[in-house]
Every structure is written in C-alpha cells, then in structure tokens.
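> Starting off with a structure, shown below.
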Amino acid sequence: MSAYNGGPAGPPQGPHQPYPSQSPHPHPPQSPQQPRWAWWVVGIVIPVVGILITVLVSRPGSSDGDGKAAPASGGRPSASPSSSTPAQPPASATPGAGTAQVLYGPADVAADVTNSGSYIELDTSQPVVSGSSVKGADVIFGASLGDPTLFVPGSASNLAPLPASGPAPGAGECAESVDRNGTYTADVKRGDRFCLLTDQGHVAYLRVVTAPGTGQGKLNVTVWNMPAA
C-alpha cells in the first residue's frame, strides 16, 4: 500500500490564466432613438413660430424702442413741414356772386379809322366792328377831321379819360371814373387810356395801341360783366 501523503489531490496545475477584467463603471443604458418624423415636425414648427413673432412685432401700433406706441401711417410716408400743401385762398378771394367777371380780353381790336371810322359793339363775347352804323354800337373809332377820336353814339357821357401812366384799372375803378369824369368824345393818340360804360351796362377798359389819321387803328380792350346791384 502506498502511503498517504497529504490531502486530496487538487486540480492539475497548468499555466496561469488571468480572469477577464471587468470595468468598474458599466456603460449607461442608451435612450431609445427618436423617430424621424419628430425631427421634421420640429424643423417646421420653429420657423413658423419665428415668422409669427416677427409679424406681431412689426405690425402698426406695436411699441417702438422707447415704449411709445408707433403711430399708424397707413402705408404712406409722413409729410414734413417743408412739403406741406400751400394754403388755399379764402372764399372771399374766389370769383363768384358779387364779383365782376371778364367778358372779353384783354385783346387787341383792329378798326379802320378812315373818314367816319368804325362802329364797335362791346356787349358780345367777341367785339363786333363795322364800317357802318350798327345797332347797339358802344363807341366809334374814327378820324373824320384828320385827328383820331373816340365818340359815343347818341352823345352819352359814358367815356372817361384816364392818366397816361399807372396800373391798369379794375372794373370797379373804371365804373367810378365814368361816374366822375364821363364825357362823350375825346381826341386820342398812342398810349391814351379810357374807361367806357356800354349801353347794356358792361364796363370796358380801352388802351390806344395805334391811332393813325387813315387806315387801321388798334385798341387793346378788356370788358367786364358787372354783378347785379
């Protein structure tokens, strides 16, 4: 018999195999992956929200930087004081009832002054000039005695001479001149000026442009329609 030489036999010895190393910090569990459609929704919603905020901030009536409400301009630029519209004249300066209206002129009227001259009718929209008597003629421009003259038919004192210089008179001034200084005839030369009351109540201003002894003379004429009294 063999002698007992110790405890039970252990496993056979062989080369030393190290145990696998284990990390002291295990990896954390990974979160579940988001579906792709969720990212599409996020990509659409964020720009839309940004657009809405921009519209709300920029619309008329929103507050500006200093906290005051910005006035709405309706899309039109604000007018500066230097570009303001000129003020309209007062109603009293606008022609209307009670104001003399120009019926004709100022314009030149040519007439033959030879011999008995020409009859001139001024109560129409265009003066009528005739070499013979005309019913309703207001003045005769002629040179029967060699010197040019103006003569009122019927010898009515409706012709008033004016100073040779000065501004042209208005209708009211002419009417007052006839009332004060009216006569029925006057010798004329270039530059002379007269006021005349027609047989239908119009007032005329006559300025002699040319006044030859024969041939064609010329008067510059303005006629007013006077307002009813």
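FYI, nothing fancy with the structure tokens labels: chains A, B, ... in order, residues from 1 per chain, ligands from 1 as they appear.
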Neighbouring residues of region 184-197 of chain A were defined as those with any atom within 9 Å, considering only C-alpha atoms; residues of the same chain fewer than 2 positions away were excluded. Please report them as a PyMOL selection string.

chain A and resi 138-139+147-165+169+173-175+177-178+182+199-212

> In Å, how far is it from CA of Pro167 (chain A) to CA of Val109 (chain A)?

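These atoms are spaced 20.4 Å apart.
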
> Taking into account only C-alpha atoms, which residue in the set A:Gln216, A:Ser125, A:Ser130, A:Thr183 is nearest to Ala143 (chain A)?

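Checking each candidate against Ala143 (chain A), we get A:Gln216 as the closest.
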
> Could you please determine the separation between CA of Tyr104 (chain A) and CA of Pro227 (chain A) in Å, to one decimal place?

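If I compute the distance from CA of Tyr104 (chain A) to CA of Pro227 (chain A), I get 15.3 Å.
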
> Just the strand (DSSP E or B) stuff from region 154-210 of chain A, please, per backbone DSSP, written as a VMD selection string.

chain A and resid 159 to 162 183 185 to 187 193 to 197 203 to 210

> Identify, with DSSP run on backbone atoms, the residues in region 159-200 of chain A assigned to alpha helix (DSSP H), and express the list as a ChimeraX atom specification.

/A:171-181

> Ranking A:Gly146, A:Glu121, A:Val113, A:Gly166 by minimum distance to Val134 (chain A) and counting only C-alpha atoms, which one comes first?

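Distance minimum relative to Val134 (chain A) lands on A:Glu121.
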
> Counting only C-alpha atoms, what is within 10 Å of Asn115 (chain A), bar same-chain residues fewer than 6 positions away, as a list in words?

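Everything that qualifies: Gly131, Phe141, Gly142, Ala143, Ser144, Leu145, Gly146, Pro148, Gly213, Thr214 and Gly215 of chain A.
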
> Could you write out the selected residues, including all heavy atoms, as a short mmCIF file (atom, residue, chain, number, x, y, z; two decimals), in the first residue's frame?


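Result saved to selection-v2.cif:
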```cif
data_model
loop_
_atom_site.label_atom_id
_atom_site.label_comp_id
_atom_site.auth_asym_id
_atom_site.auth_seq_id
_atom_site.Cartn_x
_atom_site.Cartn_y
_atom_site.Cartn_z
N GLY A 131 -67.94 149.02 -90.55
CA GLY A 131 -67.69 150.32 -91.18
C GLY A 131 -68.93 151.17 -91.31
O GLY A 131 -68.84 152.32 -91.75
N PHE A 141 -64.59 154.63 -83.49
CA PHE A 141 -63.17 154.93 -83.57
C PHE A 141 -62.92 155.44 -85.00
O PHE A 141 -62.96 154.67 -85.95
CB PHE A 141 -62.35 153.67 -83.28
CG PHE A 141 -60.87 153.86 -83.17
CD1 PHE A 141 -60.30 155.13 -82.96
CD2 PHE A 141 -60.00 152.77 -83.25
CE1 PHE A 141 -58.92 155.29 -82.84
CE2 PHE A 141 -58.63 152.92 -83.13
CZ PHE A 141 -58.08 154.18 -82.92
N GLY A 142 -62.68 156.75 -85.13
CA GLY A 142 -62.54 157.32 -86.48
C GLY A 142 -61.67 158.56 -86.49
O GLY A 142 -61.19 159.02 -85.44
N ALA A 143 -61.48 159.10 -87.70
CA ALA A 143 -60.66 160.30 -87.89
C ALA A 143 -61.26 161.13 -89.02
O ALA A 143 -60.61 161.45 -90.00
CB ALA A 143 -59.22 159.93 -88.20
N SER A 144 -62.55 161.48 -88.87
CA SER A 144 -63.25 162.19 -89.94
C SER A 144 -62.67 163.58 -90.20
O SER A 144 -62.74 164.09 -91.31
CB SER A 144 -64.74 162.31 -89.59
OG SER A 144 -64.91 163.00 -88.36
N LEU A 145 -62.07 164.20 -89.20
CA LEU A 145 -61.50 165.55 -89.36
C LEU A 145 -59.97 165.48 -89.40
O LEU A 145 -59.31 166.52 -89.26
CB LEU A 145 -61.97 166.47 -88.24
CG LEU A 145 -63.48 166.68 -88.14
CD1 LEU A 145 -63.83 167.57 -86.95
CD2 LEU A 145 -64.03 167.29 -89.43
N GLY A 146 -59.41 164.30 -89.57
CA GLY A 146 -57.96 164.16 -89.65
C GLY A 146 -57.30 163.74 -88.36
O GLY A 146 -56.19 163.19 -88.37
N PRO A 148 -57.57 161.34 -85.00
CA PRO A 148 -58.31 160.18 -84.47
C PRO A 148 -59.08 160.56 -83.21
O PRO A 148 -58.57 161.30 -82.35
CB PRO A 148 -57.21 159.16 -84.17
CG PRO A 148 -56.03 159.61 -84.96
CD PRO A 148 -56.12 161.10 -85.04
N GLY A 213 -54.05 158.68 -88.84
CA GLY A 213 -55.07 159.57 -89.41
C GLY A 213 -55.95 158.86 -90.42
O GLY A 213 -57.12 159.20 -90.60
N THR A 214 -55.42 157.85 -91.08
CA THR A 214 -56.17 157.00 -92.00
C THR A 214 -55.68 155.56 -91.85
O THR A 214 -54.59 155.31 -91.32
CB THR A 214 -55.94 157.42 -93.47
OG1 THR A 214 -54.55 157.35 -93.78
CG2 THR A 214 -56.46 158.84 -93.71
N GLY A 215 -56.48 154.65 -92.32
CA GLY A 215 -56.09 153.25 -92.25
C GLY A 215 -56.55 152.58 -90.96
O GLY A 215 -57.52 153.00 -90.32
#
```
